[in-house]
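Reviewing the structure listed below.
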Amino acid sequence: RRLAADGTPPEAVLWSVREAPRDLFAGTAPPASGPARQLHLPRVAVDGLESALCHSDPQRFARAYRTVLRLSSGELSWGDRRDAEMALILRQAKAVGRDVHKMHAFVRFREVPGDGPRRAFAAWFEPEHPICERATPFFAKRFGDMDWIIATPTVTARFEKGRLSFEETADQRPPPEDATEDLWRTYYASIFNPARVMVKAMCAEMPKKYWKNLPEAELIPGLIAGAETRVRQMAEAQPRLDTDRRTAAIHARQRAPAPEPKHAAERLSRDLDACTRCGLCGPATQVVKGEGPMDARLMIVGEQPGDQEDLAGRPFVGPAGEVFDDCARSAGLDRSRAYITNAVKHFKFAPRGKRRIHQRPDTGEVEACRWWLDIERRLVRPRLILAMGATAAQSLTGDGTGLLRRRGTVEETPDGQPVLLMLHPSYILRLPDPRAQSDARTALAEDLAAAWEVCTT
């Protein structure tokens, strides 16, 4: 930035990363011929250039420097993909963003001996690009109550007593396994769903090059190989639910065993606070947990938290929550007796000035968060689950399409729990016609009344 402000021409600068002088410039630029000039760049340009500078391309510094000069002179506009260098910078910034997301998702800490009262952990990760300095502040925010190091082949991030620092990596050996990894592998095998095995999608979201650092990865080939047999066994053991006789089918089910002890719910709450299964946990204010009795007969699953839920840390407290509460009161549904949660636990949004605009979670984010919803279902063991919206339907049944056509029908989770499909209250708020809104409210209240009657009789 200093060189650009001085007007130093690009051809006068040599760039280096290894064995460079303190200012990272190999060679001496000629002194500026006049006073430094001010540069005016949009914030999005600064963010994009800083991201692209974390790419592994050795020409990234020179390209970014030329782009800064062209942007400041008005020769180029940020985001103009017709320009070859701009298009390449945008692609490289996107690649760095993906790499940062992978690091957030696939770092696995192992406990190691510590020097003081704080617990200490270590992890090894091999990114595609030199992103250690860009990606690790996320871990400092999420795991500020413990000491840890994350080593990469070139740079090691060290977080001790609340201070994050970086150093060259001296030891490239991954830390030894700790006692919790066998437990984690047992749990992973127990929740692996053979009916949803999509090898290509799995490898796209979790590339094989990361598997060597994931304790569950050694189980995956065997679980995939046995998936077809397990699906066939499940189909033979589980009769198909007749959706045309949904009430009779729900009443006919035996009440499940009592829920697990209270400490299991407390452990779930603690683990949710530390969730890093997808990139949504970074921008969000906090995780929004489910609430309600752990022995509730009715579980209500929404899509994801909104802006107000994200700030309050509670589900269904925003405008859509007000619609839900009004319809629930009309239906005679006691909210305090139902367990209410969301399919995705963090708020996904795009900033627009001071506002945060809701964004729909993608398939990878829904799949990452389905783990928590599966645990909630096993703890609560409800008689009936309400899936409110396409994201909830996708998480619970594997299909989030055609919800208007499927509304009011009962389908099943892969392990056989009945799911009543409904429209999300936010759908009502988006209807422009007041009469249509009134009709939709009435329909929602009727669905809630029918569900509540099933669960209380």
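Labels for the structure tokens follow display order: chains A, B, ..., residues from 1 in each chain, ligands from 1.
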Could you pull out the residues in segment 67-179 of chain A that DSSP calls strand (DSSP E) from the backbone, as a VMD selection string?
chain A and resid 110 to 112 120 to 124 147 to 151 155 to 160 163 to 168
Would you save the residues of that selection, restricted to N, CA, C and O atoms, as an mmCIF file, in the first residue's frame?
data_model
loop_
_atom_site.group_PDB
_atom_site.id
_atom_site.type_symbol
_atom_site.label_atom_id
_atom_site.label_comp_id
_atom_site.auth_asym_id
_atom_site.auth_seq_id
_atom_site.Cartn_x
_atom_site.Cartn_y
_atom_site.Cartn_z
ATOM 1 N N ARG A 110 -6.459 -32.487 18.869
ATOM 2 C CA ARG A 110 -6.155 -33.594 19.773
ATOM 3 C C ARG A 110 -5.554 -33.011 21.053
ATOM 4 O O ARG A 110 -4.699 -32.138 20.992
ATOM 5 N N GLU A 111 -5.997 -33.506 22.192
ATOM 6 C CA GLU A 111 -5.514 -32.961 23.450
ATOM 7 C C GLU A 111 -4.067 -33.382 23.692
ATOM 8 O O GLU A 111 -3.693 -34.540 23.481
ATOM 9 N N VAL A 112 -3.271 -32.432 24.135
ATOM 10 C CA VAL A 112 -1.860 -32.675 24.416
ATOM 11 C C VAL A 112 -1.552 -32.130 25.809
ATOM 12 O O VAL A 112 -2.307 -31.315 26.352
ATOM 13 N N ALA A 120 -4.819 -27.902 26.674
ATOM 14 C CA ALA A 120 -4.040 -27.616 25.469
ATOM 15 C C ALA A 120 -4.367 -28.634 24.387
ATOM 16 O O ALA A 120 -4.549 -29.825 24.668
ATOM 17 N N PHE A 121 -4.421 -28.150 23.149
ATOM 18 C CA PHE A 121 -4.770 -29.002 22.021
ATOM 19 C C PHE A 121 -3.860 -28.679 20.836
ATOM 20 O O PHE A 121 -3.306 -27.578 20.743
ATOM 21 N N ALA A 122 -3.726 -29.654 19.940
ATOM 22 C CA ALA A 122 -2.903 -29.464 18.746
ATOM 23 C C ALA A 122 -3.606 -30.091 17.551
ATOM 24 O O ALA A 122 -4.378 -31.039 17.684
ATOM 25 N N ALA A 123 -3.335 -29.540 16.373
ATOM 26 C CA ALA A 123 -3.926 -30.055 15.135
ATOM 27 C C ALA A 123 -2.944 -29.858 13.998
ATOM 28 O O ALA A 123 -2.087 -28.966 14.034
ATOM 29 N N TRP A 124 -3.088 -30.699 12.983
ATOM 30 C CA TRP A 124 -2.275 -30.614 11.773
ATOM 31 C C TRP A 124 -3.211 -30.491 10.583
ATOM 32 O O TRP A 124 -4.198 -31.220 10.488
ATOM 33 N N ASP A 147 -5.688 -23.324 25.193
ATOM 34 C CA ASP A 147 -4.472 -23.096 24.412
ATOM 35 C C ASP A 147 -4.412 -24.130 23.289
ATOM 36 O O ASP A 147 -4.770 -25.295 23.489
ATOM 37 N N TRP A 148 -3.949 -23.705 22.107
ATOM 38 C CA TRP A 148 -3.881 -24.646 20.994
ATOM 39 C C TRP A 148 -2.852 -24.186 19.978
ATOM 40 O O TRP A 148 -2.444 -23.026 19.956
ATOM 41 N N ILE A 149 -2.429 -25.148 19.159
ATOM 42 C CA ILE A 149 -1.618 -24.830 17.987
ATOM 43 C C ILE A 149 -2.224 -25.556 16.789
ATOM 44 O O ILE A 149 -2.772 -26.650 16.921
ATOM 45 N N ILE A 150 -2.173 -24.920 15.645
ATOM 46 C CA ILE A 150 -2.548 -25.541 14.373
ATOM 47 C C ILE A 150 -1.334 -25.417 13.462
ATOM 48 O O ILE A 150 -0.929 -24.316 13.095
ATOM 49 N N ALA A 151 -0.745 -26.556 13.124
ATOM 50 C CA ALA A 151 0.449 -26.567 12.288
ATOM 51 C C ALA A 151 0.070 -26.885 10.852
ATOM 52 O O ALA A 151 -0.756 -27.762 10.588
ATOM 53 N N VAL A 155 3.521 -22.784 8.034
ATOM 54 C CA VAL A 155 3.292 -21.854 9.139
ATOM 55 C C VAL A 155 2.521 -22.549 10.246
ATOM 56 O O VAL A 155 1.610 -23.347 9.975
ATOM 57 N N THR A 156 2.870 -22.248 11.490
ATOM 58 C CA THR A 156 2.153 -22.765 12.651
ATOM 59 C C THR A 156 1.499 -21.612 13.393
ATOM 60 O O THR A 156 2.162 -20.603 13.703
ATOM 61 N N ALA A 157 0.208 -21.735 13.660
ATOM 62 C CA ALA A 157 -0.521 -20.763 14.468
ATOM 63 C C ALA A 157 -0.517 -21.245 15.910
ATOM 64 O O ALA A 157 -0.821 -22.402 16.186
ATOM 65 N N ARG A 158 -0.175 -20.355 16.821
ATOM 66 C CA ARG A 158 -0.093 -20.705 18.245
ATOM 67 C C ARG A 158 -0.981 -19.745 19.043
ATOM 68 O O ARG A 158 -0.845 -18.518 18.932
ATOM 69 N N PHE A 159 -1.898 -20.312 19.823
ATOM 70 C CA PHE A 159 -2.809 -19.505 20.641
ATOM 71 C C PHE A 159 -2.563 -19.871 22.095
ATOM 72 O O PHE A 159 -2.900 -20.969 22.539
ATOM 73 N N GLU A 160 -1.974 -18.954 22.837
ATOM 74 C CA GLU A 160 -1.638 -19.196 24.238
ATOM 75 C C GLU A 160 -2.050 -18.003 25.082
ATOM 76 O O GLU A 160 -1.709 -16.856 24.747
ATOM 77 N N ARG A 163 -3.541 -15.029 23.255
ATOM 78 C CA ARG A 163 -2.758 -14.312 22.248
ATOM 79 C C ARG A 163 -2.457 -15.241 21.077
ATOM 80 O O ARG A 163 -1.961 -16.364 21.269
ATOM 81 N N LEU A 164 -2.738 -14.780 19.862
ATOM 82 C CA LEU A 164 -2.493 -15.561 18.652
ATOM 83 C C LEU A 164 -1.194 -15.095 18.004
ATOM 84 O O LEU A 164 -1.003 -13.887 17.768
ATOM 85 N N SER A 165 -0.309 -16.034 17.698
ATOM 86 C CA SER A 165 0.952 -15.708 17.046
ATOM 87 C C SER A 165 1.252 -16.754 15.975
ATOM 88 O O SER A 165 0.635 -17.826 15.931
ATOM 89 N N PHE A 166 2.210 -16.428 15.116
ATOM 90 C CA PHE A 166 2.560 -17.308 14.006
ATOM 91 C C PHE A 166 4.072 -17.492 13.950
ATOM 92 O O PHE A 166 4.836 -16.578 14.295
ATOM 93 N N GLU A 167 4.485 -18.674 13.515
ATOM 94 C CA GLU A 167 5.900 -18.991 13.393
ATOM 95 C C GLU A 167 6.076 -20.023 12.284
ATOM 96 O O GLU A 167 5.106 -20.674 11.872
ATOM 97 N N GLU A 168 7.304 -20.160 11.799
ATOM 98 C CA GLU A 168 7.567 -21.181 10.801
ATOM 99 C C GLU A 168 7.425 -22.561 11.430
ATOM 100 O O GLU A 168 7.790 -22.768 12.585
#
Would you list the contacts of Gln59 of chain A as a VMD selection string, taking every protein, DNA or RNA residue within 12 Å and counting only C-alpha atoms, but skipping same-chain residues closer than 2 positions in sequence?
chain A and resid 14 to 17 52 to 57 61 to 66 85 88 to 89 92
Just the selected residues (N, CA, C and O atoms), exported as a PDB file, in the first residue's frame, please.
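Now in selection_36.pdb:
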ATOM      1  N   LEU A  14      10.225  -5.897  -7.078  1.00  0.00           N
ATOM      2  CA  LEU A  14      10.412  -7.344  -7.128  1.00  0.00           C
ATOM      3  C   LEU A  14       9.816  -7.933  -5.860  1.00  0.00           C
ATOM      4  O   LEU A  14      10.046  -7.423  -4.758  1.00  0.00           O
ATOM      5  N   TRP A  15       9.106  -9.044  -6.004  1.00  0.00           N
ATOM      6  CA  TRP A  15       8.377  -9.622  -4.879  1.00  0.00           C
ATOM      7  C   TRP A  15       8.961 -10.985  -4.535  1.00  0.00           C
ATOM      8  O   TRP A  15       9.342 -11.744  -5.418  1.00  0.00           O
ATOM      9  N   SER A  16       8.977 -11.292  -3.248  1.00  0.00           N
ATOM     10  CA  SER A  16       9.475 -12.590  -2.797  1.00  0.00           C
ATOM     11  C   SER A  16       8.764 -12.964  -1.514  1.00  0.00           C
ATOM     12  O   SER A  16       8.291 -12.102  -0.779  1.00  0.00           O
ATOM     13  N   VAL A  17       8.700 -14.270  -1.226  1.00  0.00           N
ATOM     14  CA  VAL A  17       8.090 -14.750   0.017  1.00  0.00           C
ATOM     15  C   VAL A  17       9.143 -15.358   0.921  1.00  0.00           C
ATOM     16  O   VAL A  17       9.241 -15.046   2.095  1.00  0.00           O
ATOM     17  N   ALA A  52      -7.176 -12.738  -2.177  1.00  0.00           N
ATOM     18  CA  ALA A  52      -6.400 -13.265  -3.302  1.00  0.00           C
ATOM     19  C   ALA A  52      -4.912 -13.332  -2.985  1.00  0.00           C
ATOM     20  O   ALA A  52      -4.194 -14.185  -3.527  1.00  0.00           O
ATOM     21  N   LEU A  53      -4.407 -12.469  -2.110  1.00  0.00           N
ATOM     22  CA  LEU A  53      -2.997 -12.491  -1.734  1.00  0.00           C
ATOM     23  C   LEU A  53      -2.635 -13.724  -0.909  1.00  0.00           C
ATOM     24  O   LEU A  53      -1.454 -13.986  -0.682  1.00  0.00           O
ATOM     25  N   CYS A  54      -3.636 -14.474  -0.461  1.00  0.00           N
ATOM     26  CA  CYS A  54      -3.383 -15.734   0.255  1.00  0.00           C
ATOM     27  C   CYS A  54      -3.357 -16.930  -0.690  1.00  0.00           C
ATOM     28  O   CYS A  54      -3.290 -18.075  -0.240  1.00  0.00           O
ATOM     29  N   HIS A  55      -3.432 -16.691  -2.000  1.00  0.00           N
ATOM     30  CA  HIS A  55      -3.360 -17.771  -2.982  1.00  0.00           C
ATOM     31  C   HIS A  55      -1.907 -18.211  -3.150  1.00  0.00           C
ATOM     32  O   HIS A  55      -0.970 -17.491  -2.822  1.00  0.00           O
ATOM     33  N   SER A  56      -1.724 -19.406  -3.673  1.00  0.00           N
ATOM     34  CA  SER A  56      -0.374 -19.947  -3.842  1.00  0.00           C
ATOM     35  C   SER A  56       0.308 -19.474  -5.114  1.00  0.00           C
ATOM     36  O   SER A  56       1.486 -19.773  -5.337  1.00  0.00           O
ATOM     37  N   ASP A  57      -0.389 -18.746  -5.970  1.00  0.00           N
ATOM     38  CA  ASP A  57       0.190 -18.250  -7.215  1.00  0.00           C
ATOM     39  C   ASP A  57       1.359 -17.300  -6.909  1.00  0.00           C
ATOM     40  O   ASP A  57       1.173 -16.282  -6.238  1.00  0.00           O
ATOM     41  N   PHE A  61       1.332 -11.129  -5.826  1.00  0.00           N
ATOM     42  CA  PHE A  61       1.668  -9.797  -5.307  1.00  0.00           C
ATOM     43  C   PHE A  61       1.758  -8.775  -6.434  1.00  0.00           C
ATOM     44  O   PHE A  61       1.205  -7.676  -6.341  1.00  0.00           O
ATOM     45  N   ALA A  62       2.474  -9.138  -7.493  1.00  0.00           N
ATOM     46  CA  ALA A  62       2.618  -8.203  -8.606  1.00  0.00           C
ATOM     47  C   ALA A  62       1.267  -7.907  -9.242  1.00  0.00           C
ATOM     48  O   ALA A  62       0.962  -6.759  -9.588  1.00  0.00           O
ATOM     49  N   ARG A  63       0.439  -8.927  -9.386  1.00  0.00           N
ATOM     50  CA  ARG A  63      -0.876  -8.728  -9.997  1.00  0.00           C
ATOM     51  C   ARG A  63      -1.747  -7.822  -9.123  1.00  0.00           C
ATOM     52  O   ARG A  63      -2.427  -6.922  -9.625  1.00  0.00           O
ATOM     53  N   ALA A  64      -1.727  -8.059  -7.804  1.00  0.00           N
ATOM     54  CA  ALA A  64      -2.529  -7.227  -6.899  1.00  0.00           C
ATOM     55  C   ALA A  64      -2.032  -5.777  -6.914  1.00  0.00           C
ATOM     56  O   ALA A  64      -2.824  -4.830  -6.877  1.00  0.00           O
ATOM     57  N   TYR A  65      -0.714  -5.593  -6.982  1.00  0.00           N
ATOM     58  CA  TYR A  65      -0.152  -4.241  -6.999  1.00  0.00           C
ATOM     59  C   TYR A  65      -0.576  -3.487  -8.260  1.00  0.00           C
ATOM     60  O   TYR A  65      -0.995  -2.321  -8.194  1.00  0.00           O
ATOM     61  N   ARG A  66      -0.478  -4.151  -9.396  1.00  0.00           N
ATOM     62  CA  ARG A  66      -0.913  -3.495 -10.635  1.00  0.00           C
ATOM     63  C   ARG A  66      -2.394  -3.146 -10.571  1.00  0.00           C
ATOM     64  O   ARG A  66      -2.834  -2.084 -11.020  1.00  0.00           O
ATOM     65  N   GLU A  85      -6.963  -9.844 -15.654  1.00  0.00           N
ATOM     66  CA  GLU A  85      -6.349  -9.879 -14.325  1.00  0.00           C
ATOM     67  C   GLU A  85      -7.400  -9.809 -13.227  1.00  0.00           C
ATOM     68  O   GLU A  85      -7.293 -10.487 -12.206  1.00  0.00           O
ATOM     69  N   LEU A  88      -9.042 -13.180 -12.855  1.00  0.00           N
ATOM     70  CA  LEU A  88      -8.175 -14.133 -12.175  1.00  0.00           C
ATOM     71  C   LEU A  88      -8.119 -13.848 -10.672  1.00  0.00           C
ATOM     72  O   LEU A  88      -8.152 -14.782  -9.846  1.00  0.00           O
ATOM     73  N   ILE A  89      -8.050 -12.581 -10.295  1.00  0.00           N
ATOM     74  CA  ILE A  89      -8.046 -12.236  -8.869  1.00  0.00           C
ATOM     75  C   ILE A  89      -9.324 -12.711  -8.194  1.00  0.00           C
ATOM     76  O   ILE A  89      -9.304 -13.267  -7.082  1.00  0.00           O
ATOM     77  N   GLN A  92      -9.189 -16.457  -7.763  1.00  0.00           N
ATOM     78  CA  GLN A  92      -8.260 -16.858  -6.720  1.00  0.00           C
ATOM     79  C   GLN A  92      -8.800 -16.508  -5.333  1.00  0.00           C
ATOM     80  O   GLN A  92      -8.615 -17.275  -4.381  1.00  0.00           O
TER      81      GLN A  92
END
Name the residues in contact with segment 96-100 of chain A at a cut-off of 8 Å, using only C-alpha atoms, excluding same-chain residues fewer than 6 positions from it; report them as a list of chain:residue names.
A:Ser51, A:Ala52, A:Cys54, A:His55, A:Pro127, A:Glu128, A:His129, A:Ile131, A:Arg134, A:Ala135
Selection: 9 Å around Trp372 of chain A, only C-alpha atoms, excl. self and same-chain fewer than 3 positions, as a ChimeraX atom specification
/A:268,272,343-345,368-369,375-377
Give me a file of those residues, with all heavy atoms, as a short mmCIF file (atom, residue, chain, number, x, y, z; two decimals), in the first residue's frame.
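Dumped to part-v6.cif:
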data_model
loop_
_atom_site.label_atom_id
_atom_site.label_comp_id
_atom_site.auth_asym_id
_atom_site.auth_seq_id
_atom_site.Cartn_x
_atom_site.Cartn_y
_atom_site.Cartn_z
N LEU A 268 -25.19 -31.82 24.94
CA LEU A 268 -25.55 -31.33 23.61
C LEU A 268 -25.44 -29.81 23.55
O LEU A 268 -24.89 -29.25 22.60
CB LEU A 268 -26.97 -31.77 23.26
CG LEU A 268 -27.58 -31.13 21.99
CD1 LEU A 268 -26.78 -31.52 20.76
CD2 LEU A 268 -29.04 -31.55 21.84
N LEU A 272 -22.87 -27.83 21.12
CA LEU A 272 -23.38 -26.90 20.12
C LEU A 272 -22.66 -25.56 20.20
O LEU A 272 -22.40 -24.92 19.18
CB LEU A 272 -24.89 -26.69 20.31
CG LEU A 272 -25.81 -27.65 19.56
CD1 LEU A 272 -27.24 -27.52 20.07
CD2 LEU A 272 -25.76 -27.38 18.07
N ALA A 343 -33.56 -26.62 11.62
CA ALA A 343 -32.73 -27.58 10.90
C ALA A 343 -31.29 -27.12 10.83
O ALA A 343 -30.36 -27.92 10.86
CB ALA A 343 -33.29 -27.80 9.49
N VAL A 344 -31.06 -25.80 10.73
CA VAL A 344 -29.73 -25.20 10.71
C VAL A 344 -29.63 -24.28 11.92
O VAL A 344 -30.55 -23.50 12.17
CB VAL A 344 -29.47 -24.43 9.40
CG1 VAL A 344 -28.14 -23.71 9.43
CG2 VAL A 344 -29.52 -25.39 8.21
N LYS A 345 -28.53 -24.36 12.64
CA LYS A 345 -28.45 -23.71 13.95
C LYS A 345 -27.82 -22.32 13.92
O LYS A 345 -27.84 -21.63 14.94
CB LYS A 345 -27.64 -24.59 14.92
CG LYS A 345 -28.10 -26.04 14.99
CD LYS A 345 -29.55 -26.17 15.38
CE LYS A 345 -29.93 -27.65 15.51
NZ LYS A 345 -31.37 -27.83 15.71
N ALA A 368 -24.41 -30.71 7.14
CA ALA A 368 -23.52 -30.58 8.30
C ALA A 368 -24.32 -30.42 9.58
O ALA A 368 -23.97 -30.97 10.63
CB ALA A 368 -22.59 -29.38 8.09
N CYS A 369 -25.43 -29.67 9.53
CA CYS A 369 -26.22 -29.39 10.72
C CYS A 369 -27.21 -30.52 11.04
O CYS A 369 -27.74 -30.57 12.15
CB CYS A 369 -26.97 -28.07 10.55
SG CYS A 369 -26.81 -26.96 11.96
N ILE A 375 -29.37 -35.81 16.73
CA ILE A 375 -29.17 -35.99 18.17
C ILE A 375 -30.39 -35.50 18.95
O ILE A 375 -30.86 -36.16 19.89
CB ILE A 375 -27.90 -35.25 18.62
CG1 ILE A 375 -26.66 -35.88 17.97
CG2 ILE A 375 -27.76 -35.29 20.14
CD1 ILE A 375 -25.38 -35.13 18.26
N GLU A 376 -30.92 -34.34 18.55
CA GLU A 376 -32.12 -33.83 19.23
C GLU A 376 -33.29 -34.81 19.10
O GLU A 376 -34.02 -35.04 20.07
CB GLU A 376 -32.50 -32.47 18.64
CG GLU A 376 -31.55 -31.34 19.00
CD GLU A 376 -31.93 -30.03 18.33
OE1 GLU A 376 -32.00 -29.99 17.09
OE2 GLU A 376 -32.15 -29.04 19.05
N ARG A 377 -33.46 -35.38 17.92
CA ARG A 377 -34.57 -36.33 17.73
C ARG A 377 -34.40 -37.54 18.63
O ARG A 377 -35.38 -38.06 19.20
CB ARG A 377 -34.66 -36.77 16.28
CG ARG A 377 -35.09 -35.69 15.32
CD ARG A 377 -35.48 -36.25 13.97
NE ARG A 377 -34.40 -36.93 13.27
CZ ARG A 377 -34.28 -38.24 13.12
NH1 ARG A 377 -35.21 -39.05 13.64
NH2 ARG A 377 -33.25 -38.77 12.47
#
Extract, using only C-alpha atoms, all DNA, RNA and protein residues at most 12 Å from Thr442 of chain A, discarding same-chain residues fewer than 2 positions from it, and format them as a list in words.
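Surrounding residues, per the criterion: Val323, Phe324, Asp326, Cys327, Ala328, Arg329, Ser330, Ala331, Pro425, Ile428, Arg435, Ala436, Gln437, Ser438, Asp439, Ala440, Leu444, Ala445, Glu446, Asp447, Leu448 and Ala449 of chain A.
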Measuring between only C-alpha atoms, which one of A:Gly364, A:Gly321, A:Gly332, A:Pro283 shows the shortest distance to Trp452 of chain A?
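Distance minimum relative to Trp452 of chain A lands on A:Gly332.
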Counting only C-alpha atoms, the residue among A:Val107, A:Ser73, A:Ala392, A:Arg60 that lies closest to Met86 of chain A is A:Arg60
List the spatial neighbours of Ile340 of chain A as a PDB file with all heavy atoms, in the first residue's frame - criterion: any atom at most 6 Å away, only C-alpha atoms, same-chain residues fewer than 4 positions off excluded.
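Listed below is the output, part.pdb:
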ATOM      1  N   GLY A 290     -32.242 -25.494  20.270  1.00  0.00           N
ATOM      2  CA  GLY A 290     -33.637 -25.830  20.487  1.00  0.00           C
ATOM      3  C   GLY A 290     -34.036 -25.563  21.925  1.00  0.00           C
ATOM      4  O   GLY A 290     -33.200 -25.505  22.828  1.00  0.00           O
ATOM      5  N   GLU A 291     -35.341 -25.396  22.142  1.00  0.00           N
ATOM      6  CA  GLU A 291     -35.833 -25.176  23.494  1.00  0.00           C
ATOM      7  C   GLU A 291     -37.154 -25.889  23.675  1.00  0.00           C
ATOM      8  O   GLU A 291     -37.920 -26.084  22.729  1.00  0.00           O
ATOM      9  CB  GLU A 291     -35.989 -23.680  23.783  1.00  0.00           C
ATOM     10  CG  GLU A 291     -36.986 -22.952  22.925  1.00  0.00           C
ATOM     11  CD  GLU A 291     -37.114 -21.475  23.284  1.00  0.00           C
ATOM     12  OE1 GLU A 291     -36.132 -20.906  23.800  1.00  0.00           O
ATOM     13  OE2 GLU A 291     -38.203 -20.908  23.066  1.00  0.00           O
ATOM     14  N   MET A 299     -42.340 -32.217  18.266  1.00  0.00           N
ATOM     15  CA  MET A 299     -41.132 -31.455  17.930  1.00  0.00           C
ATOM     16  C   MET A 299     -41.437 -30.616  16.700  1.00  0.00           C
ATOM     17  O   MET A 299     -41.953 -31.119  15.706  1.00  0.00           O
ATOM     18  CB  MET A 299     -39.943 -32.387  17.647  1.00  0.00           C
ATOM     19  CG  MET A 299     -38.699 -31.635  17.158  1.00  0.00           C
ATOM     20  SD  MET A 299     -37.300 -32.714  16.749  1.00  0.00           S
ATOM     21  CE  MET A 299     -36.667 -33.010  18.392  1.00  0.00           C
ATOM     22  N   ILE A 300     -41.123 -29.332  16.761  1.00  0.00           N
ATOM     23  CA  ILE A 300     -41.351 -28.407  15.653  1.00  0.00           C
ATOM     24  C   ILE A 300     -39.990 -27.962  15.130  1.00  0.00           C
ATOM     25  O   ILE A 300     -39.183 -27.411  15.883  1.00  0.00           O
ATOM     26  CB  ILE A 300     -42.181 -27.195  16.113  1.00  0.00           C
ATOM     27  CG1 ILE A 300     -43.544 -27.669  16.644  1.00  0.00           C
ATOM     28  CG2 ILE A 300     -42.364 -26.202  14.969  1.00  0.00           C
ATOM     29  CD1 ILE A 300     -44.359 -26.579  17.317  1.00  0.00           C
TER      30      ILE A 300
END
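DSSP secondary structure from the backbone places Cys132, Glu133, Arg134, Ala135, Pro137, Phe138, Phe139, Ala140, Lys141, Arg142, Thr180, Glu181, Asp182 and Leu183 of chain A of segment 132-183 of chain A in helix (DSSP H, G or I).
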